[in-house]
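S.K.: My questions will all concern the structure given below.
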Amino acid sequence: LEYYFDKKTTSNRGRQKSSDLIKSVNGSLDKMYLKKQRLSEDILKAENSEDLRLYGELLTANLHLVKPGMKQVEVLNYYDGSMVTIPLDVKQTAAKNAQHYFKKYGKSKTAVKEKQVQLEENEAEIKYLESVLTYLENTDDVNEIESLRQELVETGYVRRRKQVGGFREKKYKPQPYK
């Protein structure tokens, strides 16, 4: 009976200690999943930016067709022979509009590389947090939970808890072998 109730109390204490950690890790994971989704959407938008380069080239080749104040211009696409409608900024000249499209194309090309790096870093963080969550759900040892909490505080996933008597950290002494 003593063994059973001792295990039960340590198990309950471990679950109590880990419940707030599990909530924090789940919150961080939700943020990481949202970030992953947004980065993937940004990469997809940036990869579909060939139209911007095409608009810039076609505008440059057909500057003579653009009159001041036009909202759009329809030009011949000399790559495939189709007609392309290019939206224009009425406040700018045709050359400035072409430069604007080239600039947006360049930005989107560099964005693909940067977003890819960010996505890989985010994936690594997701894997780490998922492993921490699995570990927390499978352990009841208070000392292990506290060491994991300390690791999460150091890595910045969990905020440091405010201590009543200042910022003294509790140091858990190892239990003697019984």
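Every chain in the structure tokens takes a letter, A first, then B, and so on in the order presented; its residues are numbered from 1, and the ligands are numbered from 1 following the presented order.
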Taking a cut-off of 9 Å and counting only C-alpha atoms, can you build a table that, for each residue of segment 17-73 of chain A near segment 140-163 of chain A, reports the nearest atom pair and how far apart they are in Å (one decimal), sorted by chain then residue number, as CSV?
M.R.:
```
residue,atom,partner,partner_atom,distance
A:Lys17,CA,A:Val142,CA,7.0
A:Ser18,CA,A:Ile145,CA,6.4
A:Leu21,CA,A:Arg149,CA,7.1
A:Ser24,CA,A:Val158,CA,6.6
A:Val25,CA,A:Tyr157,CA,7.4
A:Ser28,CA,A:Tyr157,CA,6.9
```
S.K.: DSSP on the backbone: what in chain A comes out alpha helix (DSSP H), as a ChimeraX atom specification?
M.R.: /A:2-47,50-61,94-138,142-155
S.K.: Per residue of segment 22-72 of chain A within 12 Å of segment 128-139 of chain A, record the nearest atom pair and its distance in Å to one decimal, counting only C-alpha atoms, with rows in chain order and ascending residue number, as a tab-separated table.
M.R.:
```
residue	atom	partner	partner_atom	distance
A:Ile22	CA	A:Leu133	CA	6.4
A:Lys23	CA	A:Leu133	CA	9.4
A:Ser24	CA	A:Leu133	CA	9.8
A:Val25	CA	A:Leu129	CA	6.6
A:Asn26	CA	A:Leu133	CA	7.7
A:Gly27	CA	A:Leu129	CA	10.3
A:Ser28	CA	A:Leu129	CA	7.9
A:Leu29	CA	A:Leu129	CA	6.6
A:Asp30	CA	A:Leu129	CA	10.4
A:Lys31	CA	A:Leu129	CA	11.3
A:Met32	CA	A:Leu129	CA	9.4
A:Tyr33	CA	A:Leu129	CA	11.2
```
S.K.: Those same residues, written as a PDB file, in the first residue's frame with N, CA and C atoms?
M.R.:
```pdb
ATOM      1  N   ILE A  22       2.869  21.852 -20.457  1.00  0.00           N
ATOM      2  CA  ILE A  22       2.228  21.287 -21.649  1.00  0.00           C
ATOM      3  C   ILE A  22       1.405  22.356 -22.353  1.00  0.00           C
ATOM      4  N   LYS A  23       0.697  23.181 -21.578  1.00  0.00           N
ATOM      5  CA  LYS A  23      -0.090  24.266 -22.181  1.00  0.00           C
ATOM      6  C   LYS A  23       0.817  25.259 -22.901  1.00  0.00           C
ATOM      7  N   SER A  24       1.941  25.606 -22.286  1.00  0.00           N
ATOM      8  CA  SER A  24       2.875  26.551 -22.913  1.00  0.00           C
ATOM      9  C   SER A  24       3.463  25.983 -24.196  1.00  0.00           C
ATOM     10  N   VAL A  25       3.847  24.715 -24.147  1.00  0.00           N
ATOM     11  CA  VAL A  25       4.440  24.081 -25.331  1.00  0.00           C
ATOM     12  C   VAL A  25       3.399  23.970 -26.440  1.00  0.00           C
ATOM     13  N   ASN A  26       2.158  23.629 -26.076  1.00  0.00           N
ATOM     14  CA  ASN A  26       1.094  23.565 -27.087  1.00  0.00           C
ATOM     15  C   ASN A  26       0.851  24.936 -27.711  1.00  0.00           C
ATOM     16  N   GLY A  27       0.883  25.992 -26.893  1.00  0.00           N
ATOM     17  CA  GLY A  27       0.723  27.348 -27.421  1.00  0.00           C
ATOM     18  C   GLY A  27       1.839  27.709 -28.383  1.00  0.00           C
ATOM     19  N   SER A  28       3.070  27.368 -28.008  1.00  0.00           N
ATOM     20  CA  SER A  28       4.210  27.633 -28.893  1.00  0.00           C
ATOM     21  C   SER A  28       4.106  26.840 -30.189  1.00  0.00           C
ATOM     22  N   LEU A  29       3.650  25.582 -30.067  1.00  0.00           N
ATOM     23  CA  LEU A  29       3.488  24.750 -31.262  1.00  0.00           C
ATOM     24  C   LEU A  29       2.425  25.334 -32.197  1.00  0.00           C
ATOM     25  N   ASP A  30       1.332  25.818 -31.628  1.00  0.00           N
ATOM     26  CA  ASP A  30       0.292  26.430 -32.464  1.00  0.00           C
ATOM     27  C   ASP A  30       0.851  27.626 -33.232  1.00  0.00           C
ATOM     28  N   LYS A  31       1.669  28.446 -32.556  1.00  0.00           N
ATOM     29  CA  LYS A  31       2.281  29.597 -33.219  1.00  0.00           C
ATOM     30  C   LYS A  31       3.212  29.137 -34.340  1.00  0.00           C
ATOM     31  N   MET A  32       3.971  28.073 -34.080  1.00  0.00           N
ATOM     32  CA  MET A  32       4.903  27.564 -35.091  1.00  0.00           C
ATOM     33  C   MET A  32       4.161  27.012 -36.303  1.00  0.00           C
ATOM     34  N   TYR A  33       3.034  26.314 -36.059  1.00  0.00           N
ATOM     35  CA  TYR A  33       2.253  25.788 -37.182  1.00  0.00           C
ATOM     36  C   TYR A  33       1.684  26.928 -38.023  1.00  0.00           C
TER      37      TYR A  33
END
```
S.K.: What are the closest atom pairs, with distances in Å to one decimal, for each residue of segment 88-136 of chain A lying within 9 Å of segment 47-71 of chain A, using only C-alpha atoms, rows by chain and rising residue number, as CSV?
M.R.:
```
residue,atom,partner,partner_atom,distance
A:Leu88,CA,A:Lys71,CA,5.0
A:Asp89,CA,A:Lys71,CA,6.3
A:Val90,CA,A:Gly69,CA,4.7
A:Lys91,CA,A:Gly69,CA,6.9
A:Gln92,CA,A:Pro68,CA,8.0
A:Thr93,CA,A:Pro68,CA,6.7
A:Ala94,CA,A:Leu63,CA,6.0
A:Ala95,CA,A:Thr60,CA,6.6
A:Asn97,CA,A:Gly56,CA,7.6
A:Ala98,CA,A:Gly56,CA,4.3
A:Gln99,CA,A:Gly56,CA,6.7
A:His100,CA,A:Gly56,CA,7.8
A:Tyr101,CA,A:Gly56,CA,5.2
A:Phe102,CA,A:Gly56,CA,5.6
A:Lys103,CA,A:Leu52,CA,8.8
A:Lys104,CA,A:Leu52,CA,6.9
A:Tyr105,CA,A:Leu52,CA,5.5
A:Gly106,CA,A:Arg53,CA,8.5
A:Ser108,CA,A:Ser49,CA,6.7
A:Lys109,CA,A:Glu47,CA,7.3
A:Val112,CA,A:Glu47,CA,6.8
```
S.K.: Give me, please, the distance in Å between atom CA of Asp20 of chain A and atom CA of Glu125 of chain A, quoted to one decimal.
M.R.: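 Going from atom CA of Asp20 of chain A over to atom CA of Glu125 of chain A covers 19.6 Å.
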S.K.: How many Å lie between atom CA of Lys113 of chain A and atom CA of Arg38 of chain A, rounded to one decimal?
M.R.: 15.0 Å
S.K.: So that I can check the surroundings of Val73 of chain A, please list as a PDB file with all heavy atoms, in the first residue's frame every protein, DNA and RNA residue that reaches within 7 Å of it, counting only C-alpha atoms and ignoring chain neighbours fewer than 6 positions away.
M.R.:
```
ATOM      1  N   VAL A  66       1.956  53.329 -74.251  1.00  0.00           N
ATOM      2  CA  VAL A  66       1.402  53.804 -72.985  1.00  0.00           C
ATOM      3  C   VAL A  66       1.281  55.324 -73.015  1.00  0.00           C
ATOM      4  O   VAL A  66       2.254  56.044 -73.227  1.00  0.00           O
ATOM      5  CB  VAL A  66       2.298  53.353 -71.799  1.00  0.00           C
ATOM      6  CG1 VAL A  66       1.713  53.840 -70.487  1.00  0.00           C
ATOM      7  CG2 VAL A  66       2.459  51.846 -71.784  1.00  0.00           C
ATOM      8  N   THR A  85      -2.820  41.950 -70.704  1.00  0.00           N
ATOM      9  CA  THR A  85      -3.253  43.222 -70.125  1.00  0.00           C
ATOM     10  C   THR A  85      -2.410  43.478 -68.876  1.00  0.00           C
ATOM     11  O   THR A  85      -2.382  42.666 -67.953  1.00  0.00           O
ATOM     12  CB  THR A  85      -4.744  43.172 -69.752  1.00  0.00           C
ATOM     13  OG1 THR A  85      -5.498  42.846 -70.924  1.00  0.00           O
ATOM     14  CG2 THR A  85      -5.206  44.511 -69.202  1.00  0.00           C
ATOM     15  N   ILE A  86      -1.742  44.622 -68.868  1.00  0.00           N
ATOM     16  CA  ILE A  86      -0.847  44.966 -67.762  1.00  0.00           C
ATOM     17  C   ILE A  86      -1.450  46.130 -66.968  1.00  0.00           C
ATOM     18  O   ILE A  86      -1.694  47.190 -67.537  1.00  0.00           O
ATOM     19  CB  ILE A  86       0.553  45.366 -68.284  1.00  0.00           C
ATOM     20  CG1 ILE A  86       1.152  44.223 -69.100  1.00  0.00           C
ATOM     21  CG2 ILE A  86       1.459  45.756 -67.127  1.00  0.00           C
ATOM     22  CD1 ILE A  86       2.445  44.581 -69.787  1.00  0.00           C
ATOM     23  N   PRO A  87      -1.715  45.943 -65.677  1.00  0.00           N
ATOM     24  CA  PRO A  87      -2.216  47.056 -64.862  1.00  0.00           C
ATOM     25  C   PRO A  87      -1.108  48.088 -64.638  1.00  0.00           C
ATOM     26  O   PRO A  87       0.055  47.733 -64.456  1.00  0.00           O
ATOM     27  CB  PRO A  87      -2.621  46.405 -63.540  1.00  0.00           C
ATOM     28  CG  PRO A  87      -2.134  45.012 -63.575  1.00  0.00           C
ATOM     29  CD  PRO A  87      -1.651  44.694 -64.943  1.00  0.00           C
TER      30      PRO A  87
END
```
